[in-house]
>>> print(open('structure-v2.txt').read())   # compact mmCIF, N, CA and C atoms
# COMPACT_ATOMS: atom_id res chain seq x y z
N MET A 30 7.40 2.56 0.07
CA MET A 30 6.60 1.74 -0.82
C MET A 30 6.94 0.27 -0.57
N THR A 31 5.94 -0.57 -0.58
CA THR A 31 6.10 -1.97 -0.27
C THR A 31 6.28 -2.80 -1.53
N THR A 32 7.35 -3.61 -1.58
CA THR A 32 7.55 -4.53 -2.70
C THR A 32 6.63 -5.74 -2.52
N TRP A 33 6.50 -6.53 -3.58
CA TRP A 33 5.69 -7.76 -3.46
C TRP A 33 6.31 -8.67 -2.40
N ASN A 34 7.62 -8.78 -2.35
CA ASN A 34 8.28 -9.63 -1.37
C ASN A 34 7.97 -9.15 0.05
N GLU A 35 8.03 -7.85 0.30
CA GLU A 35 7.70 -7.32 1.63
C GLU A 35 6.24 -7.56 1.96
N PHE A 36 5.35 -7.39 0.99
CA PHE A 36 3.93 -7.68 1.19
C PHE A 36 3.75 -9.14 1.57
N THR A 37 4.46 -10.04 0.89
CA THR A 37 4.38 -11.48 1.17
C THR A 37 4.81 -11.77 2.60
N GLN A 38 5.83 -11.08 3.08
CA GLN A 38 6.30 -11.28 4.46
C GLN A 38 5.29 -10.74 5.48
N GLN A 39 4.64 -9.63 5.15
CA GLN A 39 3.71 -9.00 6.09
C GLN A 39 2.32 -9.64 6.09
N ALA A 40 1.90 -10.18 4.96
CA ALA A 40 0.56 -10.78 4.84
C ALA A 40 0.66 -12.06 4.01
N PRO A 41 1.31 -13.11 4.54
CA PRO A 41 1.61 -14.29 3.74
C PRO A 41 0.38 -15.00 3.17
N GLU A 42 -0.69 -15.13 3.94
CA GLU A 42 -1.88 -15.82 3.44
C GLU A 42 -2.56 -15.02 2.33
N LEU A 43 -2.65 -13.73 2.52
CA LEU A 43 -3.27 -12.87 1.52
C LEU A 43 -2.43 -12.85 0.24
N ALA A 44 -1.12 -12.77 0.37
CA ALA A 44 -0.23 -12.77 -0.79
C ALA A 44 -0.30 -14.11 -1.52
N ALA A 45 -0.37 -15.22 -0.80
CA ALA A 45 -0.47 -16.53 -1.43
C ALA A 45 -1.78 -16.64 -2.22
N PHE A 46 -2.87 -16.15 -1.65
CA PHE A 46 -4.14 -16.14 -2.36
C PHE A 46 -4.03 -15.28 -3.62
N GLY A 47 -3.42 -14.11 -3.49
CA GLY A 47 -3.24 -13.22 -4.64
C GLY A 47 -2.41 -13.85 -5.73
N LYS A 48 -1.37 -14.56 -5.35
CA LYS A 48 -0.53 -15.23 -6.35
C LYS A 48 -1.34 -16.25 -7.14
N VAL A 49 -2.13 -17.05 -6.45
CA VAL A 49 -2.97 -18.04 -7.14
C VAL A 49 -3.94 -17.34 -8.09
N ARG A 50 -4.56 -16.27 -7.63
CA ARG A 50 -5.55 -15.57 -8.47
C ARG A 50 -4.88 -14.90 -9.67
N PHE A 51 -3.72 -14.27 -9.47
CA PHE A 51 -3.03 -13.63 -10.60
C PHE A 51 -2.44 -14.66 -11.55
N ASP A 52 -2.06 -15.83 -11.04
CA ASP A 52 -1.52 -16.88 -11.90
C ASP A 52 -2.61 -17.59 -12.70
N SER A 53 -3.88 -17.36 -12.35
CA SER A 53 -4.98 -18.10 -13.00
C SER A 53 -5.39 -17.53 -14.35
N GLY A 54 -4.79 -16.45 -14.78
CA GLY A 54 -5.13 -15.92 -16.10
C GLY A 54 -4.93 -14.42 -16.17
N VAL A 55 -5.67 -13.83 -17.05
CA VAL A 55 -5.58 -12.39 -17.28
C VAL A 55 -6.04 -11.64 -16.04
N ALA A 56 -5.40 -10.51 -15.79
CA ALA A 56 -5.83 -9.58 -14.75
C ALA A 56 -6.15 -8.26 -15.44
N TYR A 57 -6.77 -7.36 -14.71
CA TYR A 57 -7.19 -6.09 -15.28
C TYR A 57 -6.52 -4.94 -14.54
N LEU A 58 -5.78 -4.15 -15.31
CA LEU A 58 -5.03 -3.02 -14.79
C LEU A 58 -5.83 -1.74 -15.03
N ALA A 59 -6.03 -0.97 -13.97
CA ALA A 59 -6.67 0.34 -14.09
C ALA A 59 -5.59 1.41 -13.98
N THR A 60 -5.62 2.34 -14.94
CA THR A 60 -4.70 3.48 -14.94
C THR A 60 -5.52 4.75 -15.08
N ILE A 61 -4.82 5.88 -15.06
CA ILE A 61 -5.49 7.17 -15.16
C ILE A 61 -5.09 7.84 -16.47
N ARG A 62 -6.08 8.12 -17.31
CA ARG A 62 -5.83 8.77 -18.60
C ARG A 62 -5.40 10.22 -18.38
N PRO A 63 -4.85 10.87 -19.42
CA PRO A 63 -4.43 12.27 -19.29
C PRO A 63 -5.56 13.21 -18.88
N ASP A 64 -6.80 12.89 -19.26
CA ASP A 64 -7.93 13.76 -18.89
C ASP A 64 -8.47 13.45 -17.50
N GLY A 65 -7.82 12.52 -16.77
CA GLY A 65 -8.24 12.18 -15.41
C GLY A 65 -9.21 11.03 -15.33
N GLY A 66 -9.71 10.56 -16.48
CA GLY A 66 -10.64 9.44 -16.49
C GLY A 66 -9.92 8.11 -16.31
N PRO A 67 -10.67 7.08 -15.95
CA PRO A 67 -10.07 5.76 -15.78
C PRO A 67 -9.87 5.06 -17.12
N ARG A 68 -8.92 4.15 -17.15
CA ARG A 68 -8.69 3.29 -18.31
C ARG A 68 -8.40 1.89 -17.75
N VAL A 69 -8.95 0.85 -18.40
CA VAL A 69 -8.75 -0.53 -17.95
C VAL A 69 -8.10 -1.32 -19.08
N HIS A 70 -7.12 -2.19 -18.70
CA HIS A 70 -6.35 -2.95 -19.68
C HIS A 70 -6.20 -4.39 -19.21
N PRO A 71 -6.34 -5.37 -20.09
CA PRO A 71 -5.99 -6.74 -19.71
C PRO A 71 -4.47 -6.88 -19.70
N VAL A 72 -3.93 -7.53 -18.67
CA VAL A 72 -2.49 -7.70 -18.53
C VAL A 72 -2.18 -9.08 -17.95
N THR A 73 -0.92 -9.46 -18.01
CA THR A 73 -0.43 -10.68 -17.38
C THR A 73 0.59 -10.28 -16.31
N PRO A 74 0.16 -10.22 -15.05
CA PRO A 74 1.10 -9.84 -14.00
C PRO A 74 2.15 -10.92 -13.79
N ILE A 75 3.32 -10.50 -13.37
CA ILE A 75 4.43 -11.41 -13.08
C ILE A 75 4.80 -11.20 -11.62
N LEU A 76 4.80 -12.31 -10.87
CA LEU A 76 5.13 -12.25 -9.45
C LEU A 76 6.45 -12.95 -9.19
N GLY A 77 7.36 -12.21 -8.62
CA GLY A 77 8.64 -12.72 -8.15
C GLY A 77 8.92 -12.00 -6.85
N GLU A 78 10.14 -11.50 -6.68
CA GLU A 78 10.40 -10.65 -5.52
C GLU A 78 9.64 -9.34 -5.65
N GLN A 79 9.33 -8.98 -6.89
CA GLN A 79 8.57 -7.77 -7.21
C GLN A 79 7.30 -8.18 -7.96
N LEU A 80 6.40 -7.26 -8.09
CA LEU A 80 5.24 -7.40 -8.97
C LEU A 80 5.59 -6.62 -10.23
N PHE A 81 5.65 -7.34 -11.36
CA PHE A 81 6.10 -6.76 -12.63
C PHE A 81 5.00 -6.77 -13.67
N LEU A 82 5.10 -5.83 -14.61
CA LEU A 82 4.28 -5.85 -15.82
C LEU A 82 5.16 -5.47 -17.00
N PHE A 83 5.14 -6.32 -18.03
CA PHE A 83 5.74 -5.98 -19.32
C PHE A 83 4.64 -5.47 -20.23
N MET A 84 5.01 -4.61 -21.18
CA MET A 84 4.03 -4.13 -22.15
C MET A 84 4.74 -3.56 -23.37
N GLU A 85 3.97 -3.40 -24.42
CA GLU A 85 4.48 -2.76 -25.64
C GLU A 85 4.90 -1.33 -25.30
N PRO A 86 5.98 -0.84 -25.91
CA PRO A 86 6.43 0.53 -25.61
C PRO A 86 5.44 1.60 -26.06
N THR A 87 4.54 1.28 -26.98
CA THR A 87 3.55 2.27 -27.45
C THR A 87 2.20 2.14 -26.75
N SER A 88 2.11 1.28 -25.75
CA SER A 88 0.84 1.04 -25.07
C SER A 88 0.35 2.28 -24.31
N PRO A 89 -0.94 2.60 -24.45
CA PRO A 89 -1.49 3.71 -23.66
C PRO A 89 -1.31 3.51 -22.15
N LYS A 90 -1.37 2.26 -21.70
CA LYS A 90 -1.22 2.03 -20.26
C LYS A 90 0.19 2.41 -19.78
N GLY A 91 1.19 2.18 -20.61
CA GLY A 91 2.55 2.58 -20.25
C GLY A 91 2.68 4.08 -20.16
N ASN A 92 2.08 4.78 -21.11
CA ASN A 92 2.10 6.25 -21.06
C ASN A 92 1.37 6.75 -19.83
N ASP A 93 0.23 6.12 -19.51
CA ASP A 93 -0.50 6.51 -18.30
C ASP A 93 0.38 6.35 -17.06
N LEU A 94 1.04 5.19 -16.96
CA LEU A 94 1.84 4.90 -15.76
C LEU A 94 3.09 5.76 -15.67
N LYS A 95 3.67 6.11 -16.80
CA LYS A 95 4.83 7.01 -16.76
C LYS A 95 4.43 8.40 -16.29
N ARG A 96 3.24 8.83 -16.66
CA ARG A 96 2.76 10.16 -16.29
C ARG A 96 2.25 10.20 -14.84
N ASP A 97 1.51 9.16 -14.45
CA ASP A 97 0.91 9.08 -13.11
C ASP A 97 0.94 7.60 -12.73
N GLY A 98 1.82 7.24 -11.82
CA GLY A 98 2.05 5.83 -11.51
C GLY A 98 0.98 5.12 -10.72
N ARG A 99 -0.06 5.83 -10.31
CA ARG A 99 -1.10 5.16 -9.54
C ARG A 99 -1.80 4.10 -10.39
N TYR A 100 -2.05 2.93 -9.78
CA TYR A 100 -2.70 1.84 -10.49
C TYR A 100 -3.56 1.03 -9.53
N SER A 101 -4.47 0.23 -10.09
CA SER A 101 -5.14 -0.87 -9.41
C SER A 101 -5.05 -2.07 -10.33
N LEU A 102 -4.93 -3.26 -9.74
CA LEU A 102 -4.81 -4.49 -10.51
C LEU A 102 -5.74 -5.51 -9.89
N HIS A 103 -6.70 -6.01 -10.69
CA HIS A 103 -7.74 -6.93 -10.22
C HIS A 103 -7.65 -8.23 -11.00
N CYS A 104 -7.74 -9.35 -10.30
CA CYS A 104 -7.70 -10.65 -10.97
C CYS A 104 -8.97 -10.87 -11.79
N ALA A 105 -8.90 -11.81 -12.73
CA ALA A 105 -10.10 -12.24 -13.44
C ALA A 105 -10.94 -13.09 -12.49
N VAL A 106 -12.24 -13.09 -12.69
CA VAL A 106 -13.17 -13.90 -11.91
C VAL A 106 -13.91 -14.81 -12.88
N GLU A 107 -13.97 -16.09 -12.57
CA GLU A 107 -14.48 -17.08 -13.51
C GLU A 107 -15.98 -17.00 -13.80
N ASP A 108 -16.76 -16.56 -12.83
CA ASP A 108 -18.21 -16.58 -13.04
C ASP A 108 -18.89 -15.53 -12.15
N SER A 109 -20.19 -15.37 -12.34
CA SER A 109 -20.93 -14.35 -11.60
C SER A 109 -21.10 -14.69 -10.12
N GLY A 110 -20.76 -15.91 -9.73
CA GLY A 110 -20.81 -16.30 -8.33
C GLY A 110 -19.51 -16.02 -7.59
N GLY A 111 -18.57 -15.40 -8.26
CA GLY A 111 -17.30 -15.05 -7.62
C GLY A 111 -16.18 -16.03 -7.88
N GLY A 112 -16.50 -17.17 -8.52
CA GLY A 112 -15.47 -18.13 -8.88
C GLY A 112 -14.57 -18.48 -7.71
N GLY A 113 -13.27 -18.46 -7.95
CA GLY A 113 -12.29 -18.78 -6.92
C GLY A 113 -12.00 -17.62 -5.99
N GLY A 114 -12.70 -16.52 -6.18
CA GLY A 114 -12.53 -15.36 -5.32
C GLY A 114 -11.95 -14.17 -6.07
N GLU A 115 -12.01 -13.04 -5.42
CA GLU A 115 -11.48 -11.80 -5.99
C GLU A 115 -10.23 -11.38 -5.23
N PHE A 116 -9.30 -10.78 -5.96
CA PHE A 116 -8.11 -10.23 -5.34
C PHE A 116 -7.71 -9.00 -6.13
N TYR A 117 -7.39 -7.93 -5.42
CA TYR A 117 -6.80 -6.78 -6.11
C TYR A 117 -5.81 -6.08 -5.21
N VAL A 118 -4.90 -5.39 -5.87
CA VAL A 118 -3.91 -4.56 -5.19
C VAL A 118 -3.92 -3.19 -5.84
N ARG A 119 -3.45 -2.22 -5.09
CA ARG A 119 -3.21 -0.90 -5.69
C ARG A 119 -1.93 -0.35 -5.09
N GLY A 120 -1.33 0.55 -5.85
CA GLY A 120 -0.08 1.14 -5.42
C GLY A 120 0.47 2.05 -6.49
N ARG A 121 1.78 2.02 -6.66
CA ARG A 121 2.46 2.87 -7.65
C ARG A 121 3.30 1.99 -8.57
N ALA A 122 3.26 2.35 -9.85
CA ALA A 122 4.06 1.67 -10.86
C ALA A 122 5.22 2.57 -11.25
N MET A 123 6.39 1.96 -11.41
CA MET A 123 7.58 2.70 -11.79
C MET A 123 8.23 2.03 -13.00
N PHE A 124 8.44 2.80 -14.05
CA PHE A 124 9.16 2.31 -15.22
C PHE A 124 10.60 2.02 -14.81
N THR A 125 11.14 0.92 -15.34
CA THR A 125 12.56 0.63 -15.10
C THR A 125 13.20 0.08 -16.37
N ASP A 126 14.43 0.49 -16.59
CA ASP A 126 15.23 -0.10 -17.67
C ASP A 126 16.47 -0.77 -17.08
N ASP A 127 16.43 -1.06 -15.78
CA ASP A 127 17.52 -1.74 -15.09
C ASP A 127 17.62 -3.19 -15.59
N PRO A 128 18.76 -3.58 -16.16
CA PRO A 128 18.89 -4.94 -16.70
C PRO A 128 18.72 -6.03 -15.65
N ARG A 129 19.10 -5.77 -14.40
CA ARG A 129 18.91 -6.78 -13.34
C ARG A 129 17.44 -6.99 -13.03
N MET A 130 16.68 -5.90 -12.99
CA MET A 130 15.23 -6.02 -12.78
C MET A 130 14.58 -6.78 -13.93
N ARG A 131 14.99 -6.43 -15.14
CA ARG A 131 14.44 -7.10 -16.32
C ARG A 131 14.72 -8.60 -16.26
N GLU A 132 15.92 -8.96 -15.89
CA GLU A 132 16.27 -10.38 -15.80
C GLU A 132 15.41 -11.08 -14.74
N GLN A 133 15.20 -10.43 -13.60
CA GLN A 133 14.32 -11.00 -12.58
C GLN A 133 12.92 -11.22 -13.13
N ALA A 134 12.39 -10.24 -13.85
CA ALA A 134 11.04 -10.34 -14.41
C ALA A 134 10.96 -11.44 -15.46
N VAL A 135 11.96 -11.51 -16.33
CA VAL A 135 11.98 -12.55 -17.37
C VAL A 135 12.01 -13.93 -16.72
N GLN A 136 12.83 -14.10 -15.69
CA GLN A 136 12.93 -15.39 -15.01
C GLN A 136 11.62 -15.79 -14.34
N ALA A 137 10.89 -14.83 -13.82
CA ALA A 137 9.63 -15.11 -13.11
C ALA A 137 8.43 -15.24 -14.05
N ALA A 138 8.57 -14.79 -15.28
CA ALA A 138 7.43 -14.75 -16.21
C ALA A 138 7.00 -16.14 -16.65
N SER A 139 5.71 -16.27 -16.91
CA SER A 139 5.14 -17.53 -17.43
C SER A 139 5.17 -17.57 -18.95
N TYR A 140 5.74 -16.56 -19.57
CA TYR A 140 5.86 -16.46 -21.01
C TYR A 140 7.21 -15.80 -21.33
N ALA A 141 7.57 -15.76 -22.59
CA ALA A 141 8.84 -15.15 -23.00
C ALA A 141 8.58 -13.72 -23.45
N PRO A 142 8.87 -12.73 -22.59
CA PRO A 142 8.65 -11.32 -22.97
C PRO A 142 9.54 -10.93 -24.16
N ALA A 143 8.96 -10.22 -25.10
CA ALA A 143 9.71 -9.74 -26.26
C ALA A 143 10.75 -8.71 -25.82
N ASP A 144 11.85 -8.67 -26.52
CA ASP A 144 12.92 -7.72 -26.19
C ASP A 144 12.44 -6.27 -26.24
N ARG A 145 11.46 -5.98 -27.09
CA ARG A 145 10.98 -4.60 -27.24
C ARG A 145 10.08 -4.16 -26.08
N TYR A 146 9.56 -5.09 -25.30
CA TYR A 146 8.65 -4.73 -24.21
C TYR A 146 9.36 -3.86 -23.18
N ILE A 147 8.61 -2.91 -22.63
CA ILE A 147 9.11 -2.12 -21.51
C ILE A 147 8.61 -2.74 -20.21
N LEU A 148 9.24 -2.39 -19.12
CA LEU A 148 8.96 -3.04 -17.84
C LEU A 148 8.60 -2.01 -16.77
N PHE A 149 7.60 -2.39 -15.98
CA PHE A 149 7.21 -1.60 -14.81
C PHE A 149 7.28 -2.50 -13.58
N VAL A 150 7.72 -1.91 -12.47
CA VAL A 150 7.70 -2.55 -11.16
C VAL A 150 6.57 -1.88 -10.38
N LEU A 151 5.71 -2.68 -9.77
CA LEU A 151 4.55 -2.16 -9.05
C LEU A 151 4.71 -2.37 -7.55
N THR A 152 4.52 -1.32 -6.78
CA THR A 152 4.51 -1.45 -5.33
C THR A 152 3.10 -1.84 -4.89
N VAL A 153 3.00 -2.29 -3.65
CA VAL A 153 1.71 -2.68 -3.09
C VAL A 153 1.44 -1.77 -1.89
N GLU A 154 0.39 -0.96 -1.98
CA GLU A 154 0.00 -0.09 -0.87
C GLU A 154 -1.27 -0.59 -0.19
N PHE A 155 -2.06 -1.37 -0.93
CA PHE A 155 -3.32 -1.88 -0.41
C PHE A 155 -3.63 -3.19 -1.13
N ALA A 156 -4.16 -4.16 -0.40
CA ALA A 156 -4.58 -5.43 -1.00
C ALA A 156 -5.93 -5.82 -0.41
N PHE A 157 -6.71 -6.51 -1.22
CA PHE A 157 -8.09 -6.86 -0.87
C PHE A 157 -8.41 -8.22 -1.46
N MET A 158 -9.11 -9.05 -0.69
CA MET A 158 -9.62 -10.30 -1.24
C MET A 158 -11.02 -10.56 -0.75
N ASN A 159 -11.80 -11.18 -1.60
CA ASN A 159 -13.13 -11.68 -1.26
C ASN A 159 -13.17 -13.13 -1.67
N THR A 160 -13.63 -13.98 -0.77
CA THR A 160 -13.98 -15.35 -1.13
C THR A 160 -15.46 -15.49 -0.83
N TYR A 161 -16.10 -16.41 -1.52
CA TYR A 161 -17.54 -16.55 -1.41
C TYR A 161 -17.90 -17.97 -1.00
N GLY A 162 -18.72 -18.07 0.04
CA GLY A 162 -19.20 -19.36 0.51
C GLY A 162 -20.54 -19.18 1.17
N GLU A 163 -21.43 -20.09 0.90
CA GLU A 163 -22.77 -20.04 1.49
C GLU A 163 -23.45 -18.70 1.27
N GLY A 164 -23.21 -18.12 0.09
CA GLY A 164 -23.87 -16.87 -0.27
C GLY A 164 -23.33 -15.64 0.41
N LYS A 165 -22.22 -15.77 1.12
CA LYS A 165 -21.66 -14.62 1.83
C LYS A 165 -20.22 -14.38 1.38
N ALA A 166 -19.86 -13.12 1.32
CA ALA A 166 -18.48 -12.75 1.00
C ALA A 166 -17.68 -12.70 2.30
N GLN A 167 -16.49 -13.26 2.24
CA GLN A 167 -15.55 -13.15 3.35
C GLN A 167 -14.41 -12.26 2.85
N THR A 168 -14.20 -11.15 3.52
CA THR A 168 -13.29 -10.12 3.05
C THR A 168 -12.07 -10.01 3.95
N VAL A 169 -10.92 -9.84 3.33
CA VAL A 169 -9.67 -9.55 4.04
C VAL A 169 -9.03 -8.35 3.36
N ARG A 170 -8.57 -7.40 4.16
CA ARG A 170 -7.89 -6.20 3.63
C ARG A 170 -6.54 -6.06 4.32
N TRP A 171 -5.61 -5.48 3.57
CA TRP A 171 -4.29 -5.16 4.12
C TRP A 171 -3.91 -3.80 3.55
N SER A 172 -3.23 -2.98 4.36
CA SER A 172 -2.70 -1.73 3.83
C SER A 172 -1.31 -1.51 4.40
N GLN A 173 -0.53 -0.80 3.61
CA GLN A 173 0.83 -0.46 3.97
C GLN A 173 0.80 0.33 5.27
N LEU A 174 1.71 0.03 6.16
CA LEU A 174 1.76 0.74 7.45
C LEU A 174 2.18 2.17 7.32
>>> encode(input="structure-v2.txt", output="structure tokens")
Amino acid sequence: MTTWNEFTQQAPELAAFGKVRFDSGVAYLATIRPDGGPRVHPVTPILGEQLFLFMEPTSPKGNDLKRDGRYSLHCAVEDSGGGGGEFYVRGRAMFTDDPRMREQAVQAASYAPADRYILFVLTVEFAFMNTYGEGKAQTVRWSQL
């Protein structure tokens, strides 16, 4: 499984674009409900050496990820013309209660996570970006080797 840091080393331009897009506001996390259906949640991704997500311990998304770690994470887009572009990643999320990981996530966060929040570390197996110019999408894809 590829960490955010490893992804950054393997695809630096794509990772830099993704960081800008994820830092621009809310992103949308897709998880898998117990019945197999999709579920979408607004989240604030945290990028450091890892891709992190904090959440309430009672959140349905946390239960989804603990049961089945597969996820997709898509940036917000400002307008129907594609705004600053689209970026998404997919991979596996893993719950962690490791104090060192938590400290890394807290240090990288743009907000002060509550002590009660639980933490997930997300791997990157696939990344995708679209930028829009002159009415055409320019697409870049990356996948784990």
>>> select_by_dssp(input="structure-v2.txt", residues="region 96-152 of chain A", states="alpha helix (DSSP H)", output="ChimeraX atom specification")
/A:96,128-137
>>> residues_around(input="structure-v2.txt", residues="region 167-173 of chain A", least_positions_apart="5", cutoff="8 Å", atoms="only C-alpha atoms", output="PyMOL selection string")
chain A and resi 30-31+40+43+153-162
>>> select_by_dssp(input="structure-v2.txt", residues="region 37-174 of chain A", states="strand (DSSP E)", output="short mmCIF file (atom, residue, chain, number, x, y, z; two decimals) with N, CA and C atoms, keeping the file's coordinate frame")
data_model
loop_
_atom_site.label_atom_id
_atom_site.label_comp_id
_atom_site.auth_asym_id
_atom_site.auth_seq_id
_atom_site.Cartn_x
_atom_site.Cartn_y
_atom_site.Cartn_z
N ALA A 56 -5.40 -10.51 -15.79
CA ALA A 56 -5.83 -9.58 -14.75
C ALA A 56 -6.15 -8.26 -15.44
N TYR A 57 -6.77 -7.36 -14.71
CA TYR A 57 -7.19 -6.09 -15.28
C TYR A 57 -6.52 -4.94 -14.54
N LEU A 58 -5.78 -4.15 -15.31
CA LEU A 58 -5.03 -3.02 -14.79
C LEU A 58 -5.83 -1.74 -15.03
N ALA A 59 -6.03 -0.97 -13.97
CA ALA A 59 -6.67 0.34 -14.09
C ALA A 59 -5.59 1.41 -13.98
N THR A 60 -5.62 2.34 -14.94
CA THR A 60 -4.70 3.48 -14.94
C THR A 60 -5.52 4.75 -15.08
N ILE A 61 -4.82 5.88 -15.06
CA ILE A 61 -5.49 7.17 -15.16
C ILE A 61 -5.09 7.84 -16.47
N PRO A 67 -10.67 7.08 -15.95
CA PRO A 67 -10.07 5.76 -15.78
C PRO A 67 -9.87 5.06 -17.12
N ARG A 68 -8.92 4.15 -17.15
CA ARG A 68 -8.69 3.29 -18.31
C ARG A 68 -8.40 1.89 -17.75
N VAL A 69 -8.95 0.85 -18.40
CA VAL A 69 -8.75 -0.53 -17.95
C VAL A 69 -8.10 -1.32 -19.08
N HIS A 70 -7.12 -2.19 -18.70
CA HIS A 70 -6.35 -2.95 -19.68
C HIS A 70 -6.20 -4.39 -19.21
N PRO A 71 -6.34 -5.37 -20.09
CA PRO A 71 -5.99 -6.74 -19.71
C PRO A 71 -4.47 -6.88 -19.70
N VAL A 72 -3.93 -7.53 -18.67
CA VAL A 72 -2.49 -7.70 -18.53
C VAL A 72 -2.18 -9.08 -17.95
N ILE A 75 3.32 -10.50 -13.37
CA ILE A 75 4.43 -11.41 -13.08
C ILE A 75 4.80 -11.20 -11.62
N LEU A 76 4.80 -12.31 -10.87
CA LEU A 76 5.13 -12.25 -9.45
C LEU A 76 6.45 -12.95 -9.19
N LEU A 80 6.40 -7.26 -8.09
CA LEU A 80 5.24 -7.40 -8.97
C LEU A 80 5.59 -6.62 -10.23
N PHE A 81 5.65 -7.34 -11.36
CA PHE A 81 6.10 -6.76 -12.63
C PHE A 81 5.00 -6.77 -13.67
N LEU A 82 5.10 -5.83 -14.61
CA LEU A 82 4.28 -5.85 -15.82
C LEU A 82 5.16 -5.47 -17.00
N PHE A 83 5.14 -6.32 -18.03
CA PHE A 83 5.74 -5.98 -19.32
C PHE A 83 4.64 -5.47 -20.23
N MET A 84 5.01 -4.61 -21.18
CA MET A 84 4.03 -4.13 -22.15
C MET A 84 4.74 -3.56 -23.37
N ARG A 99 -0.06 5.83 -10.31
CA ARG A 99 -1.10 5.16 -9.54
C ARG A 99 -1.80 4.10 -10.39
N TYR A 100 -2.05 2.93 -9.78
CA TYR A 100 -2.70 1.84 -10.49
C TYR A 100 -3.56 1.03 -9.53
N SER A 101 -4.47 0.23 -10.09
CA SER A 101 -5.14 -0.87 -9.41
C SER A 101 -5.05 -2.07 -10.33
N LEU A 102 -4.93 -3.26 -9.74
CA LEU A 102 -4.81 -4.49 -10.51
C LEU A 102 -5.74 -5.51 -9.89
N HIS A 103 -6.70 -6.01 -10.69
CA HIS A 103 -7.74 -6.93 -10.22
C HIS A 103 -7.65 -8.23 -11.00
N CYS A 104 -7.74 -9.35 -10.30
CA CYS A 104 -7.70 -10.65 -10.97
C CYS A 104 -8.97 -10.87 -11.79
N GLU A 115 -12.01 -13.04 -5.42
CA GLU A 115 -11.48 -11.80 -5.99
C GLU A 115 -10.23 -11.38 -5.23
N PHE A 116 -9.30 -10.78 -5.96
CA PHE A 116 -8.11 -10.23 -5.34
C PHE A 116 -7.71 -9.00 -6.13
N TYR A 117 -7.39 -7.93 -5.42
CA TYR A 117 -6.80 -6.78 -6.11
C TYR A 117 -5.81 -6.08 -5.21
N VAL A 118 -4.90 -5.39 -5.87
CA VAL A 118 -3.91 -4.56 -5.19
C VAL A 118 -3.92 -3.19 -5.84
N ARG A 119 -3.45 -2.22 -5.09
CA ARG A 119 -3.21 -0.90 -5.69
C ARG A 119 -1.93 -0.35 -5.09
N GLY A 120 -1.33 0.55 -5.85
CA GLY A 120 -0.08 1.14 -5.42
C GLY A 120 0.47 2.05 -6.49
N ARG A 121 1.78 2.02 -6.66
CA ARG A 121 2.46 2.87 -7.65
C ARG A 121 3.30 1.99 -8.57
N ALA A 122 3.26 2.35 -9.85
CA ALA A 122 4.06 1.67 -10.86
C ALA A 122 5.22 2.57 -11.25
N MET A 123 6.39 1.96 -11.41
CA MET A 123 7.58 2.70 -11.79
C MET A 123 8.23 2.03 -13.00
N PHE A 124 8.44 2.80 -14.05
CA PHE A 124 9.16 2.31 -15.22
C PHE A 124 10.60 2.02 -14.81
N THR A 125 11.14 0.92 -15.34
CA THR A 125 12.56 0.63 -15.10
C THR A 125 13.20 0.08 -16.37
N ILE A 147 8.61 -2.91 -22.63
CA ILE A 147 9.11 -2.12 -21.51
C ILE A 147 8.61 -2.74 -20.21
N LEU A 148 9.24 -2.39 -19.12
CA LEU A 148 8.96 -3.04 -17.84
C LEU A 148 8.60 -2.01 -16.77
N PHE A 149 7.60 -2.39 -15.98
CA PHE A 149 7.21 -1.60 -14.81
C PHE A 149 7.28 -2.50 -13.58
N VAL A 150 7.72 -1.91 -12.47
CA VAL A 150 7.70 -2.55 -11.16
C VAL A 150 6.57 -1.88 -10.38
N LEU A 151 5.71 -2.68 -9.77
CA LEU A 151 4.55 -2.16 -9.05
C LEU A 151 4.71 -2.37 -7.55
N PHE A 155 -2.06 -1.37 -0.93
CA PHE A 155 -3.32 -1.88 -0.41
C PHE A 155 -3.63 -3.19 -1.13
N ALA A 156 -4.16 -4.16 -0.40
CA ALA A 156 -4.58 -5.43 -1.00
C ALA A 156 -5.93 -5.82 -0.41
N PHE A 157 -6.71 -6.51 -1.22
CA PHE A 157 -8.09 -6.86 -0.87
C PHE A 157 -8.41 -8.22 -1.46
N MET A 158 -9.11 -9.05 -0.69
CA MET A 158 -9.62 -10.30 -1.24
C MET A 158 -11.02 -10.56 -0.75
N ASN A 159 -11.80 -11.18 -1.60
CA ASN A 159 -13.13 -11.68 -1.26
C ASN A 159 -13.17 -13.13 -1.67
N THR A 160 -13.63 -13.98 -0.77
CA THR A 160 -13.98 -15.35 -1.13
C THR A 160 -15.46 -15.49 -0.83
N TYR A 161 -16.10 -16.41 -1.52
CA TYR A 161 -17.54 -16.55 -1.41
C TYR A 161 -17.90 -17.97 -1.00
N GLY A 162 -18.72 -18.07 0.04
CA GLY A 162 -19.20 -19.36 0.51
C GLY A 162 -20.54 -19.18 1.17
N LYS A 165 -22.22 -15.77 1.12
CA LYS A 165 -21.66 -14.62 1.83
C LYS A 165 -20.22 -14.38 1.38
N ALA A 166 -19.86 -13.12 1.32
CA ALA A 166 -18.48 -12.75 1.00
C ALA A 166 -17.68 -12.70 2.30
N GLN A 167 -16.49 -13.26 2.24
CA GLN A 167 -15.55 -13.15 3.35
C GLN A 167 -14.41 -12.26 2.85
N THR A 168 -14.20 -11.15 3.52
CA THR A 168 -13.29 -10.12 3.05
C THR A 168 -12.07 -10.01 3.95
N VAL A 169 -10.92 -9.84 3.33
CA VAL A 169 -9.67 -9.55 4.04
C VAL A 169 -9.03 -8.35 3.36
N ARG A 170 -8.57 -7.40 4.16
CA ARG A 170 -7.89 -6.20 3.63
C ARG A 170 -6.54 -6.06 4.32
N TRP A 171 -5.61 -5.48 3.57
CA TRP A 171 -4.29 -5.16 4.12
C TRP A 171 -3.91 -3.80 3.55
N SER A 172 -3.23 -2.98 4.36
CA SER A 172 -2.70 -1.73 3.83
C SER A 172 -1.31 -1.51 4.40
#
>>> closest_residue(input="structure-v2.txt", among="A:Arg50, A:Arg68, A:Leu102, A:Gln79", to="Glu35 (chain A)", atoms="only N, CA and C atoms")
A:Gln79
